[in-house]
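Student: Attaching a single structure in structure tokens format; questions to follow.
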Amino acid sequence: MIRSALMVAGDKLKHLQKIPSLECDIAIVNLEDGVFDKDKARNLICDILPTLKNNKTKIVVRVNDLNTFGKEDIKAINTIKPYAIRIPKIKTADDVKVACELIDDDIEIHLSIETKEAFNNLPKLKVNNRVTTVYLGILDLLESLELPQSLVNLNNPTIDYILSKFLIDSKIAGFTPISFVYQDYKNIDEFQAWCKKEKLLGLNAKGCISPTQVDIVNKVFNTSNEEIEKANYIIKQFEQHKKNGITGFTDEKYGFIDEPIYKDALLIGLMKDLGA
């Protein structure tokens, strides 16, 4: 289960060498924004990442736009076989098809949803089973929509709509959705509030830019002992009643239990087994 996805600078040896000790579920090694010398960073990644593959964190390389340095990045990164390659600035299913042709068949493909076109076309972007995961780039998306970044606050209904649409469209398409990176890494209280809000909306993974954020995300998006206890109780009660041909009944502890309630309990149990 993916909960935390931490951005790691692709041009800084010290940051790359810390990957084996990180607690994030995904380390996104960045070749795109903020990396000035693309060739140097690409060569550094190809040298270092093969030595870091045997650890619990999945390594994803975020390459550049396919219209700039992305194709060169992919050609090099294919040789070191990361868990996935993340493609930025896509707009249409045709863009994703190009990425599928460029990326080796044994590497997953992840997408940044940061243009208004990609946001609108999200349910159509599942062009291949290797395309598994989408990341919401909310600041770039707002720019694409010609909306101010100041909208990103906890009580803004426009942001609620963006998060909800991103989640539902991702689930319809069969993607794993990862929510946006919160830039003010020193504001721990507000970051935690965002995590709780996003969990309430139904999201269960978030981008991070610091190990402290990773710790918060892993804790907030973890399945609590109380949730697990309730799920196990519902599963046991439903299965016992089902043996007697009863699939809908009133329980003194949790009210009416039927098959949809049972299936939700099974899902919570699955999340626990996957480490959420």
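By order of appearance in the structure tokens: chains A, B, ..., then residues from 1 within every chain, and ligands from 1 in the order shown.
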What are the closest atom pairs, with distances in Å to one decimal, for each residue of region 62-116 of chain A lying within 7 Å of region 123-132 of chain A, using only C-alpha atoms, rows by chain and rising residue number, as CSV?

Tutor:
residue,atom,partner,partner_atom,distance
A:Thr92,CA,A:Leu125,CA,6.9
A:Ala93,CA,A:Leu125,CA,4.9
A:Val96,CA,A:Leu125,CA,6.8
A:Lys97,CA,A:Val127,CA,6.7
A:Glu108,CA,A:Arg130,CA,5.0
A:Ile109,CA,A:Val131,CA,4.6
A:His110,CA,A:Val131,CA,5.9

Student: Show me, as a PyMOL selection string, the residues that have an atom within 10 Å of Asp104 (chain A) when counting only C-alpha atoms, minus same-chain residues fewer than 2 positions from it.

Tutor: chain A and resi 74-75+77-79+81+84-85+99-102+106-109

Student: Using only C-alpha atoms, please write the residues we just selected to a file, as a PDB file, in the first residue's frame.

Tutor:
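What ended up in out-v6.pdb:
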ATOM      1  CA  ILE A  74      13.914   7.604 -20.430  1.00  0.00           C
ATOM      2  CA  LYS A  75      16.534   6.055 -22.709  1.00  0.00           C
ATOM      3  CA  ILE A  77      16.782   5.350 -17.034  1.00  0.00           C
ATOM      4  CA  ASN A  78      15.509   2.238 -18.855  1.00  0.00           C
ATOM      5  CA  THR A  79      18.952   0.702 -18.352  1.00  0.00           C
ATOM      6  CA  LYS A  81      15.238  -0.556 -14.146  1.00  0.00           C
ATOM      7  CA  ALA A  84       8.588   3.226 -12.222  1.00  0.00           C
ATOM      8  CA  ILE A  85       9.175   6.273 -14.411  1.00  0.00           C
ATOM      9  CA  ALA A  99       5.544   7.138 -22.952  1.00  0.00           C
ATOM     10  CA  CYS A 100       4.479   3.483 -23.101  1.00  0.00           C
ATOM     11  CA  GLU A 101       6.423   3.042 -26.322  1.00  0.00           C
ATOM     12  CA  LEU A 102       9.550   4.634 -24.864  1.00  0.00           C
ATOM     13  CA  ASP A 106       9.138  -4.238 -17.109  1.00  0.00           C
ATOM     14  CA  ILE A 107       8.928  -0.697 -15.689  1.00  0.00           C
ATOM     15  CA  GLU A 108       5.712   0.849 -14.338  1.00  0.00           C
ATOM     16  CA  ILE A 109       4.540   4.200 -15.674  1.00  0.00           C
TER      17      ILE A 109
END

Student: Could you give me, as a PDB file with N, CA and C atoms, in the first residue's frame, the residues within 9 Å of region 234-236 of chain A, counting only C-alpha atoms and dropping anything in the same chain fewer than 5 positions from it?

Tutor:
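Output below, filename result_18.pdb:
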ATOM      1  N   GLU A 229     -10.087  -3.543  14.371  1.00  0.00           N
ATOM      2  CA  GLU A 229     -10.910  -4.314  15.311  1.00  0.00           C
ATOM      3  C   GLU A 229     -12.366  -4.350  14.845  1.00  0.00           C
ATOM      4  N   HIS A 241     -23.315 -15.440  10.136  1.00  0.00           N
ATOM      5  CA  HIS A 241     -24.714 -15.346   9.713  1.00  0.00           C
ATOM      6  C   HIS A 241     -24.917 -15.917   8.317  1.00  0.00           C
ATOM      7  N   TYR A 254     -22.885  -2.564  16.002  1.00  0.00           N
ATOM      8  CA  TYR A 254     -22.646  -1.680  14.863  1.00  0.00           C
ATOM      9  C   TYR A 254     -23.865  -1.484  13.967  1.00  0.00           C
ATOM     10  N   ILE A 257     -25.904  -4.732   9.348  1.00  0.00           N
ATOM     11  CA  ILE A 257     -24.757  -5.245   8.592  1.00  0.00           C
ATOM     12  C   ILE A 257     -25.276  -6.065   7.427  1.00  0.00           C
ATOM     13  N   ILE A 261     -21.478  -3.647   3.665  1.00  0.00           N
ATOM     14  CA  ILE A 261     -20.731  -3.353   4.894  1.00  0.00           C
ATOM     15  C   ILE A 261     -19.615  -4.380   5.074  1.00  0.00           C
ATOM     16  N   TYR A 262     -19.915  -5.625   4.781  1.00  0.00           N
ATOM     17  CA  TYR A 262     -18.931  -6.713   4.877  1.00  0.00           C
ATOM     18  C   TYR A 262     -17.776  -6.483   3.908  1.00  0.00           C
ATOM     19  N   LYS A 263     -18.093  -6.081   2.680  1.00  0.00           N
ATOM     20  CA  LYS A 263     -17.042  -5.863   1.672  1.00  0.00           C
ATOM     21  C   LYS A 263     -16.131  -4.702   2.073  1.00  0.00           C
ATOM     22  N   ALA A 265     -15.452  -3.906   5.138  1.00  0.00           N
ATOM     23  CA  ALA A 265     -14.600  -4.452   6.202  1.00  0.00           C
ATOM     24  C   ALA A 265     -13.460  -5.280   5.616  1.00  0.00           C
ATOM     25  N   LEU A 266     -13.756  -6.031   4.559  1.00  0.00           N
ATOM     26  CA  LEU A 266     -12.706  -6.801   3.890  1.00  0.00           C
ATOM     27  C   LEU A 266     -11.651  -5.876   3.299  1.00  0.00           C
TER      28      LEU A 266
END

Student: Under the rule that only C-alpha atoms are counted, which of A:Leu203, A:Leu163, A:Asn64, A:Pro211 is the nearest residue to Lys186 (chain A)?

Tutor: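 Checking each candidate against Lys186 (chain A), we get A:Pro211 as the closest.
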
Student: Looking at only C-alpha atoms, which of A:Cys208, A:Leu31, A:Ile138, A:Ile80 is the one that sits closest to Ser150 (chain A)?

Tutor: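 Using only C-alpha atoms, the shortest distance to Ser150 (chain A) belongs to A:Ile138.
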
Student: Please give the complete set of residues from region 168-263 of chain A that DSSP, run on the backbone, assigns to helix (DSSP H, G or I), formatted as a ChimeraX atom specification.

Tutor: /A:168-173,188-201,211-220,225-243,259-263

Student: Residues of the last selection are to be written out with N, CA and C atoms, as a compact mmCIF listing (two decimals), in the first residue's frame.

Tutor:
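As written to disk, selection_26.txt reads:
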# COMPACT_ATOMS: atom_id res chain seq x y z
N ILE A 168 -12.01 10.44 -7.55
CA ILE A 168 -13.04 9.62 -8.19
C ILE A 168 -12.64 9.22 -9.60
N ASP A 169 -12.12 10.17 -10.38
CA ASP A 169 -11.69 9.84 -11.75
C ASP A 169 -10.55 8.84 -11.74
N SER A 170 -9.65 8.96 -10.78
CA SER A 170 -8.54 8.00 -10.67
C SER A 170 -9.05 6.60 -10.37
N LYS A 171 -9.99 6.52 -9.44
CA LYS A 171 -10.55 5.22 -9.06
C LYS A 171 -11.34 4.60 -10.21
N ILE A 172 -12.08 5.42 -10.95
CA ILE A 172 -12.83 4.92 -12.10
C ILE A 172 -11.87 4.32 -13.13
N ALA A 173 -10.74 5.00 -13.34
CA ALA A 173 -9.77 4.53 -14.32
C ALA A 173 -8.95 3.35 -13.83
N ILE A 188 4.02 22.30 10.19
CA ILE A 188 3.66 20.91 10.47
C ILE A 188 2.18 20.78 10.80
N ASP A 189 1.65 21.73 11.57
CA ASP A 189 0.25 21.63 11.99
C ASP A 189 -0.69 21.68 10.79
N GLU A 190 -0.45 22.60 9.86
CA GLU A 190 -1.33 22.69 8.69
C GLU A 190 -1.16 21.49 7.77
N PHE A 191 0.07 21.00 7.66
CA PHE A 191 0.30 19.81 6.85
C PHE A 191 -0.49 18.63 7.41
N GLN A 192 -0.45 18.47 8.72
CA GLN A 192 -1.20 17.38 9.34
C GLN A 192 -2.70 17.56 9.12
N ALA A 193 -3.16 18.79 9.16
CA ALA A 193 -4.58 19.07 8.92
C ALA A 193 -4.96 18.70 7.48
N TRP A 194 -4.08 18.99 6.53
CA TRP A 194 -4.34 18.59 5.15
C TRP A 194 -4.44 17.07 5.03
N CYS A 195 -3.53 16.37 5.68
CA CYS A 195 -3.55 14.90 5.62
C CYS A 195 -4.87 14.34 6.16
N LYS A 196 -5.31 14.88 7.29
CA LYS A 196 -6.56 14.40 7.90
C LYS A 196 -7.75 14.72 6.98
N LYS A 197 -7.73 15.89 6.37
CA LYS A 197 -8.80 16.27 5.46
C LYS A 197 -8.82 15.34 4.25
N GLU A 198 -7.66 15.07 3.68
CA GLU A 198 -7.59 14.22 2.50
C GLU A 198 -8.00 12.78 2.81
N LYS A 199 -7.65 12.30 4.00
CA LYS A 199 -8.10 10.97 4.40
C LYS A 199 -9.62 10.95 4.53
N LEU A 200 -10.19 12.00 5.08
CA LEU A 200 -11.64 12.10 5.21
C LEU A 200 -12.32 12.09 3.84
N LEU A 201 -11.68 12.71 2.86
CA LEU A 201 -12.22 12.72 1.50
C LEU A 201 -12.13 11.36 0.83
N PRO A 211 11.40 14.24 5.39
CA PRO A 211 11.15 13.04 6.20
C PRO A 211 10.11 13.26 7.28
N THR A 212 10.03 14.48 7.82
CA THR A 212 9.01 14.78 8.84
C THR A 212 7.61 14.64 8.24
N GLN A 213 7.42 15.15 7.03
CA GLN A 213 6.13 14.99 6.36
C GLN A 213 5.83 13.51 6.13
N VAL A 214 6.84 12.73 5.77
CA VAL A 214 6.64 11.29 5.56
C VAL A 214 6.12 10.63 6.83
N ASP A 215 6.70 10.96 7.96
CA ASP A 215 6.26 10.37 9.23
C ASP A 215 4.79 10.69 9.51
N ILE A 216 4.40 11.93 9.23
CA ILE A 216 3.01 12.34 9.47
C ILE A 216 2.06 11.60 8.53
N VAL A 217 2.42 11.54 7.25
CA VAL A 217 1.57 10.87 6.26
C VAL A 217 1.41 9.39 6.63
N ASN A 218 2.51 8.73 6.95
CA ASN A 218 2.42 7.31 7.30
C ASN A 218 1.53 7.07 8.50
N LYS A 219 1.58 7.99 9.45
CA LYS A 219 0.76 7.84 10.65
C LYS A 219 -0.72 8.12 10.35
N VAL A 220 -1.01 9.22 9.66
CA VAL A 220 -2.40 9.61 9.40
C VAL A 220 -3.08 8.60 8.49
N ASN A 225 -5.94 0.79 14.89
CA ASN A 225 -6.31 -0.46 15.57
C ASN A 225 -7.82 -0.56 15.75
N GLU A 226 -8.47 0.60 15.99
CA GLU A 226 -9.92 0.59 16.16
C GLU A 226 -10.62 0.20 14.86
N GLU A 227 -10.13 0.72 13.72
CA GLU A 227 -10.71 0.37 12.43
C GLU A 227 -10.53 -1.12 12.14
N ILE A 228 -9.35 -1.63 12.46
CA ILE A 228 -9.07 -3.05 12.22
C ILE A 228 -9.95 -3.93 13.10
N GLU A 229 -10.09 -3.54 14.37
CA GLU A 229 -10.91 -4.31 15.31
C GLU A 229 -12.37 -4.35 14.84
N LYS A 230 -12.89 -3.20 14.41
CA LYS A 230 -14.27 -3.14 13.92
C LYS A 230 -14.43 -4.00 12.67
N ALA A 231 -13.48 -3.90 11.75
CA ALA A 231 -13.56 -4.67 10.50
C ALA A 231 -13.54 -6.16 10.78
N ASN A 232 -12.66 -6.59 11.67
CA ASN A 232 -12.57 -8.02 12.00
C ASN A 232 -13.87 -8.52 12.64
N TYR A 233 -14.47 -7.69 13.49
CA TYR A 233 -15.74 -8.06 14.13
C TYR A 233 -16.84 -8.23 13.08
N ILE A 234 -16.94 -7.26 12.16
CA ILE A 234 -17.98 -7.31 11.12
C ILE A 234 -17.78 -8.53 10.22
N ILE A 235 -16.54 -8.79 9.84
CA ILE A 235 -16.26 -9.96 8.99
C ILE A 235 -16.70 -11.25 9.68
N LYS A 236 -16.36 -11.37 10.95
CA LYS A 236 -16.70 -12.59 11.70
C LYS A 236 -18.21 -12.74 11.82
N GLN A 237 -18.91 -11.66 12.18
CA GLN A 237 -20.36 -11.73 12.36
C GLN A 237 -21.07 -12.04 11.04
N PHE A 238 -20.65 -11.38 9.96
CA PHE A 238 -21.30 -11.60 8.67
C PHE A 238 -21.11 -13.04 8.20
N GLU A 239 -19.89 -13.54 8.31
CA GLU A 239 -19.61 -14.90 7.83
C GLU A 239 -20.35 -15.94 8.65
N GLN A 240 -20.51 -15.69 9.94
CA GLN A 240 -21.28 -16.62 10.77
C GLN A 240 -22.76 -16.62 10.37
N HIS A 241 -23.31 -15.44 10.14
CA HIS A 241 -24.71 -15.35 9.71
C HIS A 241 -24.92 -15.92 8.32
N LYS A 242 -23.95 -15.73 7.45
CA LYS A 242 -24.08 -16.20 6.07
C LYS A 242 -24.18 -17.72 6.02
N LYS A 243 -23.51 -18.39 6.95
CA LYS A 243 -23.60 -19.86 7.00
C LYS A 243 -25.04 -20.31 7.23
N GLU A 259 -24.05 -7.15 2.97
CA GLU A 259 -22.87 -7.48 2.15
C GLU A 259 -22.00 -6.27 1.82
N PRO A 260 -22.57 -5.10 1.47
CA PRO A 260 -21.71 -3.93 1.24
C PRO A 260 -20.87 -3.55 2.46
N ILE A 261 -21.48 -3.65 3.67
CA ILE A 261 -20.73 -3.35 4.89
C ILE A 261 -19.62 -4.38 5.07
N TYR A 262 -19.91 -5.62 4.78
CA TYR A 262 -18.93 -6.71 4.88
C TYR A 262 -17.78 -6.48 3.91
N LYS A 263 -18.09 -6.08 2.68
CA LYS A 263 -17.04 -5.86 1.67
C LYS A 263 -16.13 -4.70 2.07

Student: Run DSSP on the backbone of this structure and report the residues of region 3-210 of chain A it assigns to strand (DSSP E), as a PyMOL selection string.

Tutor: chain A and resi 4-9+26-30+58-62+84-87+108-113+131-136+176-178+206-208

Student: Keeping only N, CA and C atoms, write the selected residues as a tab-separated table (two decimals), in the first residue's frame.

Tutor:
chain	number	residue	atom	x	y	z
A	4	SER	N	3.07	7.32	1.38
A	4	SER	CA	3.95	8.48	1.29
A	4	SER	C	4.87	8.38	0.07
A	5	ALA	N	4.98	9.51	-0.66
A	5	ALA	CA	5.86	9.58	-1.82
A	5	ALA	C	6.75	10.81	-1.65
A	6	LEU	N	8.02	10.57	-1.36
A	6	LEU	CA	8.95	11.65	-1.00
A	6	LEU	C	9.78	12.08	-2.20
A	7	MET	N	9.82	13.38	-2.47
A	7	MET	CA	10.66	13.92	-3.53
A	7	MET	C	12.12	13.92	-3.09
A	8	VAL	N	13.00	13.41	-3.96
A	8	VAL	CA	14.44	13.35	-3.69
A	8	VAL	C	15.17	14.00	-4.85
A	9	ALA	N	16.04	14.95	-4.55
A	9	ALA	CA	16.76	15.67	-5.59
A	9	ALA	C	17.67	14.73	-6.37
A	26	ILE	N	7.46	5.42	-1.42
A	26	ILE	CA	8.04	5.71	-2.72
A	26	ILE	C	9.04	6.86	-2.57
A	27	ALA	N	10.21	6.70	-3.17
A	27	ALA	CA	11.17	7.80	-3.30
A	27	ALA	C	11.13	8.25	-4.75
A	28	ILE	N	10.70	9.49	-4.99
A	28	ILE	CA	10.61	10.02	-6.34
A	28	ILE	C	11.89	10.80	-6.63
A	29	VAL	N	12.79	10.18	-7.37
A	29	VAL	CA	14.06	10.82	-7.71
A	29	VAL	C	13.79	11.78	-8.86
A	30	ASN	N	14.06	13.05	-8.62
A	30	ASN	CA	13.61	14.11	-9.51
A	30	ASN	C	14.68	14.55	-10.49
A	58	LYS	N	10.23	1.90	-2.80
A	58	LYS	CA	10.16	1.81	-4.26
A	58	LYS	C	10.76	3.09	-4.87
A	59	ILE	N	11.62	2.93	-5.85
A	59	ILE	CA	12.26	4.08	-6.48
A	59	ILE	C	11.57	4.41	-7.80
A	60	VAL	N	11.10	5.65	-7.89
A	60	VAL	CA	10.45	6.17	-9.09
A	60	VAL	C	11.28	7.35	-9.58
A	61	VAL	N	11.58	7.39	-10.86
A	61	VAL	CA	12.33	8.52	-11.42
A	61	VAL	C	11.37	9.43	-12.17
A	62	ARG	N	11.32	10.70	-11.75
A	62	ARG	CA	10.51	11.68	-12.47
A	62	ARG	C	11.38	12.33	-13.53
A	84	ALA	N	9.46	2.52	-11.28
A	84	ALA	CA	8.59	3.23	-12.22
A	84	ALA	C	9.29	4.47	-12.74
A	85	ILE	N	8.77	4.98	-13.87
A	85	ILE	CA	9.18	6.27	-14.41
A	85	ILE	C	7.94	7.16	-14.42
A	86	ARG	N	8.10	8.36	-13.89
A	86	ARG	CA	6.97	9.32	-13.80
A	86	ARG	C	7.11	10.37	-14.90
A	87	ILE	N	6.02	10.56	-15.64
A	87	ILE	CA	6.00	11.47	-16.78
A	87	ILE	C	5.25	12.75	-16.42
A	108	GLU	N	7.01	0.19	-14.46
A	108	GLU	CA	5.71	0.85	-14.34
A	108	GLU	C	5.79	2.29	-14.85
A	109	ILE	N	4.63	2.82	-15.20
A	109	ILE	CA	4.54	4.20	-15.67
A	109	ILE	C	3.61	4.97	-14.74
A	110	HIS	N	4.11	6.08	-14.22
A	110	HIS	CA	3.34	6.97	-13.37
A	110	HIS	C	3.17	8.30	-14.09
A	111	LEU	N	2.09	9.01	-13.79
A	111	LEU	CA	1.76	10.25	-14.49
A	111	LEU	C	1.56	11.40	-13.51
A	112	SER	N	2.08	12.57	-13.89
A	112	SER	CA	1.77	13.80	-13.16
A	112	SER	C	0.53	14.42	-13.78
A	113	ILE	N	-0.47	14.68	-12.95
A	113	ILE	CA	-1.70	15.34	-13.41
A	113	ILE	C	-1.59	16.79	-13.01
A	131	VAL	N	0.44	1.54	-16.66
A	131	VAL	CA	0.18	2.90	-16.17
A	131	VAL	C	-0.67	2.78	-14.92
A	132	THR	N	-0.05	2.92	-13.75
A	132	THR	CA	-0.69	2.51	-12.50
A	132	THR	C	-1.02	3.63	-11.54
A	133	THR	N	-0.28	4.74	-11.59
A	133	THR	CA	-0.32	5.70	-10.50
A	133	THR	C	-0.32	7.12	-11.04
A	134	VAL	N	-1.11	7.98	-10.39
A	134	VAL	CA	-1.18	9.39	-10.80
A	134	VAL	C	-0.94	10.29	-9.59
A	135	TYR	N	-0.25	11.40	-9.85
A	135	TYR	CA	0.11	12.36	-8.81
A	135	TYR	C	-0.53	13.71	-9.15
A	136	LEU	N	-1.19	14.31	-8.20
A	136	LEU	CA	-1.82	15.60	-8.41
A	136	LEU	C	-0.79	16.71	-8.22
A	176	THR	N	-3.88	4.39	-8.84
A	176	THR	CA	-3.60	4.76	-7.46
A	176	THR	C	-3.36	6.26	-7.44
A	177	PRO	N	-4.22	7.02	-6.74
A	177	PRO	CA	-4.05	8.48	-6.71
A	177	PRO	C	-3.19	8.93	-5.52
A	178	ILE	N	-2.25	9.83	-5.80
A	178	ILE	CA	-1.40	10.39	-4.76
A	178	ILE	C	-1.61	11.90	-4.73
A	206	LYS	N	-0.02	10.65	-0.18
A	206	LYS	CA	0.29	12.07	-0.37
A	206	LYS	C	1.77	12.26	-0.68
A	207	GLY	N	2.05	13.23	-1.55
A	207	GLY	CA	3.42	13.60	-1.84
A	207	GLY	C	4.04	14.36	-0.67
A	208	CYS	N	5.35	14.19	-0.51
A	208	CYS	CA	6.07	14.80	0.61
A	208	CYS	C	7.38	15.42	0.12

Student: For a test of reading the model, state the distance in Å between CA of Asp95 (chain A) and CA of Ala118 (chain A), rounded to one decimal.

Tutor: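 Separation between CA of Asp95 (chain A) and CA of Ala118 (chain A): 9.8 Å.
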
Student: Could you tell me how far CA of Gly34 (chain A) sits from CA of Thr57 (chain A), in Å to one decimal place?

Tutor: 22.8 Å

Student: What gap, in Å, lies between CA of Ile268 (chain A) and CA of Pro157 (chain A)?

Tutor: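 According to the coordinates, CA of Ile268 (chain A) and CA of Pro157 (chain A) are separated by 28.3 Å.
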
Student: Skip Asp37 (chain A) itself and residues of its chain fewer than 3 positions away, then list as a list of chain:residue names all residues within 8 Å of it, counting only C-alpha atoms.

Tutor: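 Selected residues are A:Asp11, A:Lys40, A:Ala41.
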
Student: Next, dump the selected residues to file, keeping only C-alpha atoms, as a PDB file, in the first residue's frame.

Tutor:
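Result file is result_5.pdb:
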ATOM      1  CA  ASP A  11      21.321  16.049  -8.689  1.00  0.00           C
ATOM      2  CA  LYS A  40      24.962  15.586 -14.836  1.00  0.00           C
ATOM      3  CA  ALA A  41      21.906  14.568 -12.797  1.00  0.00           C
TER       4      ALA A  41
END

Student: Ranking A:Met1, A:Glu252, A:Thr51, A:Gly202 by minimum distance to Ile19 (chain A) and counting only C-alpha atoms, which one comes first?

Tutor: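 Among the listed residues, the smallest separation from Ile19 (chain A) belongs to A:Thr51.
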